[in-house]
Amino acid sequence: QPALTQPASVSGSPGQSITISCTGSSRDVGGYSVVSWYQQHPDKAPKVIIYEVNRRPSGVSTRFSGSKSGNTASLTISGLQVGDEAYYYCCSYAGRSSVVFGGGTKLTVL
Amino acid sequence: QMEESGGGVVQPGTSVRLSCAASGFSFSSYAMHWVRQAPGKGLEWVALISKDGDNEFYAESVRGRLTISRDDSKNTLFLQMNSLRSEDTAVYYCAKGMGGRDFWYFDQWGRGTLVSVSS
């Protein structure tokens with residue numbers, strides 16, 4: 001059972017915005033600002049799109065944004081594109097020199 | 001760029017050693033990780049080794065059975081896997097930690113190597 005809870009799936013139409021939640025506890029998401037998000041297309045390696053809660057690596061579209069409130073982190077994708085269809089995973093530092101991932105969310109762009 | 005190797009079909013209770021050859025960046029300057037993904041499942045962090053190789057950290061599920069190491073002279077990361085179990089079946093990715101204090105973020109990934117534990 002993944003330590004962080006994400007919705008199994010979300011969907012949206014091109015141009016719309018969606019938000020994916022990632023709920024943990026005070027031992028992980030709520031206790032540290034060490035949250036990242038990864039995008040994974042089928043049969044591909046993951047790619048970091050958000051780190052340190054809300055920072056974007058160079059080259060990542062500004063359509064991706066992150067936030068955190070209490071024990072829940074969120075990823076928002078605005079102006080949905082067909083190419084955004086993928087799995088998204090959150091990740092948080094969990095103390096004792098370890099990190100935990102969420103179970104992943106499948107984004108479908110209708 | 002990073003490329004994993006060493007995966008395959010192995011029997012329960014046996015051992016295997018994975019390698020990850022890195023290029024295109026100063027390997028010795030970065031912490032490195034192994035992350036795995038069971039077939040059709042999500043990501044699971046496995047292990048971290050510091051950039052100087054002096055510190056290793058493991059997920060509870062693998063502690064005592066898996067060992068991460070590095071050879072900076074060969075720009076290579078390793079994962080020694082002992083006492084393998086069926087639940088270790090997964091694609092194993094090596095991942096580079098971001099620089100400095102941001103080493104818990106994985107900014108480069110290999111393509112992965114599949115380890116299948118089956119009798």
# chains A, B, ... in the order shown; residues from 1 in each chain; ligands from 1
$ residues_around --residues "A:Ser13" --least-positions-apart "2" --cutoff "12 Å" --atoms "only C-alpha atoms" --output "list in words"
Val10, Ser11, Gly15, Gln16, Ser17, Ile18, Ile77, Ser78, Gly79, Leu80, Gln81, Val82, Gly83, Asp84, Glu85, Leu107, Thr108, Val109 and Leu110 of chain A
$ interface_residues --of "chain B" --to "chain A" --cutoff "8 Å" --atoms "only C-alpha atoms" --output "NGL selection string"
:B and (41-45 or 57-59 or 93 or 104-112)
$ select_by_dssp --residues "chain B" --states "strand (DSSP E)" --output "PDB file with C-alpha atoms, in the first residue's frame"
ATOM      1  CA  MET B   2      22.423   6.390 -17.732  1.00  0.00           C
ATOM      2  CA  GLU B   3      22.054   2.792 -18.807  1.00  0.00           C
ATOM      3  CA  GLU B   4      21.192  -0.078 -16.503  1.00  0.00           C
ATOM      4  CA  SER B   5      22.183  -3.691 -17.062  1.00  0.00           C
ATOM      5  CA  GLY B   8      16.972 -11.073 -16.103  1.00  0.00           C
ATOM      6  CA  VAL B   9      15.076 -14.056 -14.763  1.00  0.00           C
ATOM      7  CA  VAL B  10      16.464 -15.321 -11.452  1.00  0.00           C
ATOM      8  CA  VAL B  16      22.010 -10.632  -8.908  1.00  0.00           C
ATOM      9  CA  ARG B  17      24.064  -7.486  -9.386  1.00  0.00           C
ATOM     10  CA  LEU B  18      22.716  -4.563 -11.347  1.00  0.00           C
ATOM     11  CA  SER B  19      24.938  -1.932 -12.920  1.00  0.00           C
ATOM     12  CA  CYS B  20      24.216   1.583 -14.130  1.00  0.00           C
ATOM     13  CA  ALA B  21      26.744   3.218 -16.439  1.00  0.00           C
ATOM     14  CA  ALA B  22      26.560   7.006 -16.374  1.00  0.00           C
ATOM     15  CA  MET B  32      22.599   8.410  -6.816  1.00  0.00           C
ATOM     16  CA  HIS B  33      19.493   6.315  -6.258  1.00  0.00           C
ATOM     17  CA  TRP B  34      17.778   3.120  -7.283  1.00  0.00           C
ATOM     18  CA  VAL B  35      14.016   3.243  -7.800  1.00  0.00           C
ATOM     19  CA  ARG B  36      11.935   0.240  -8.828  1.00  0.00           C
ATOM     20  CA  GLN B  37       8.567  -0.343 -10.419  1.00  0.00           C
ATOM     21  CA  LEU B  43       7.263   3.688  -8.220  1.00  0.00           C
ATOM     22  CA  GLU B  44       9.128   2.609  -5.088  1.00  0.00           C
ATOM     23  CA  TRP B  45      12.339   4.210  -3.860  1.00  0.00           C
ATOM     24  CA  VAL B  46      14.933   1.554  -3.036  1.00  0.00           C
ATOM     25  CA  ALA B  47      18.254   3.072  -2.031  1.00  0.00           C
ATOM     26  CA  LEU B  48      20.484   6.154  -1.982  1.00  0.00           C
ATOM     27  CA  ILE B  49      24.240   6.512  -1.933  1.00  0.00           C
ATOM     28  CA  GLU B  56      23.931   4.570   2.142  1.00  0.00           C
ATOM     29  CA  PHE B  57      20.241   4.564   2.924  1.00  0.00           C
ATOM     30  CA  TYR B  58      17.609   1.952   2.154  1.00  0.00           C
ATOM     31  CA  LEU B  66      20.139  -5.058  -1.153  1.00  0.00           C
ATOM     32  CA  THR B  67      23.363  -3.060  -1.180  1.00  0.00           C
ATOM     33  CA  ILE B  68      24.042   0.075  -3.190  1.00  0.00           C
ATOM     34  CA  SER B  69      27.575   1.009  -4.141  1.00  0.00           C
ATOM     35  CA  ARG B  70      29.450   3.109  -6.677  1.00  0.00           C
ATOM     36  CA  ASP B  71      32.732   3.139  -8.572  1.00  0.00           C
ATOM     37  CA  THR B  76      29.111   3.239 -12.483  1.00  0.00           C
ATOM     38  CA  LEU B  77      26.438   2.628  -9.872  1.00  0.00           C
ATOM     39  CA  PHE B  78      25.664  -0.862  -8.575  1.00  0.00           C
ATOM     40  CA  LEU B  79      22.900  -2.667  -6.746  1.00  0.00           C
ATOM     41  CA  GLN B  80      23.768  -6.015  -5.206  1.00  0.00           C
ATOM     42  CA  MET B  81      20.561  -7.960  -4.653  1.00  0.00           C
ATOM     43  CA  ALA B  90      10.357  -5.032 -10.991  1.00  0.00           C
ATOM     44  CA  VAL B  91      12.012  -2.718 -13.431  1.00  0.00           C
ATOM     45  CA  TYR B  92      14.954  -1.173 -11.616  1.00  0.00           C
ATOM     46  CA  TYR B  93      15.872   2.385 -12.540  1.00  0.00           C
ATOM     47  CA  CYS B  94      18.995   4.228 -11.558  1.00  0.00           C
ATOM     48  CA  ALA B  95      18.296   7.885 -10.938  1.00  0.00           C
ATOM     49  CA  LYS B  96      20.551  10.855 -10.401  1.00  0.00           C
ATOM     50  CA  GLY B  97      19.870  13.139  -7.457  1.00  0.00           C
ATOM     51  CA  PHE B 106      15.569  12.604  -9.257  1.00  0.00           C
ATOM     52  CA  ASP B 107      16.414  14.676 -12.311  1.00  0.00           C
ATOM     53  CA  GLN B 108      17.811  11.998 -14.635  1.00  0.00           C
ATOM     54  CA  TRP B 109      16.709   8.408 -15.032  1.00  0.00           C
ATOM     55  CA  THR B 113      16.392  -3.131 -16.311  1.00  0.00           C
ATOM     56  CA  LEU B 114      13.836  -5.816 -15.498  1.00  0.00           C
ATOM     57  CA  VAL B 115      14.507  -8.298 -12.721  1.00  0.00           C
ATOM     58  CA  SER B 116      12.044 -11.180 -12.667  1.00  0.00           C
ATOM     59  CA  VAL B 117      12.221 -13.478  -9.648  1.00  0.00           C
TER      60      VAL B 117
END
$ atom_distance --atom1 "atom CA of B:Glu60" --atom2 "atom CA of B:Ser28"
26.1 Å
$ residues_around --residues "A:Gly70" --least-positions-apart "4" --cutoff "9 Å" --atoms "only C-alpha atoms" --output "list in words"
Ser25, Ser26, Val29, Gly30 and Gly31 of chain A
$ closest_residue --among "B:Thr14, B:Asp102, B:Ser50, B:Arg63" --to "A:Arg55" --atoms "only C-alpha atoms"
B:Asp102
$ atom_distance --atom1 "atom CA of A:Gly24" --atom2 "atom CA of A:Gly95"
12.8 Å
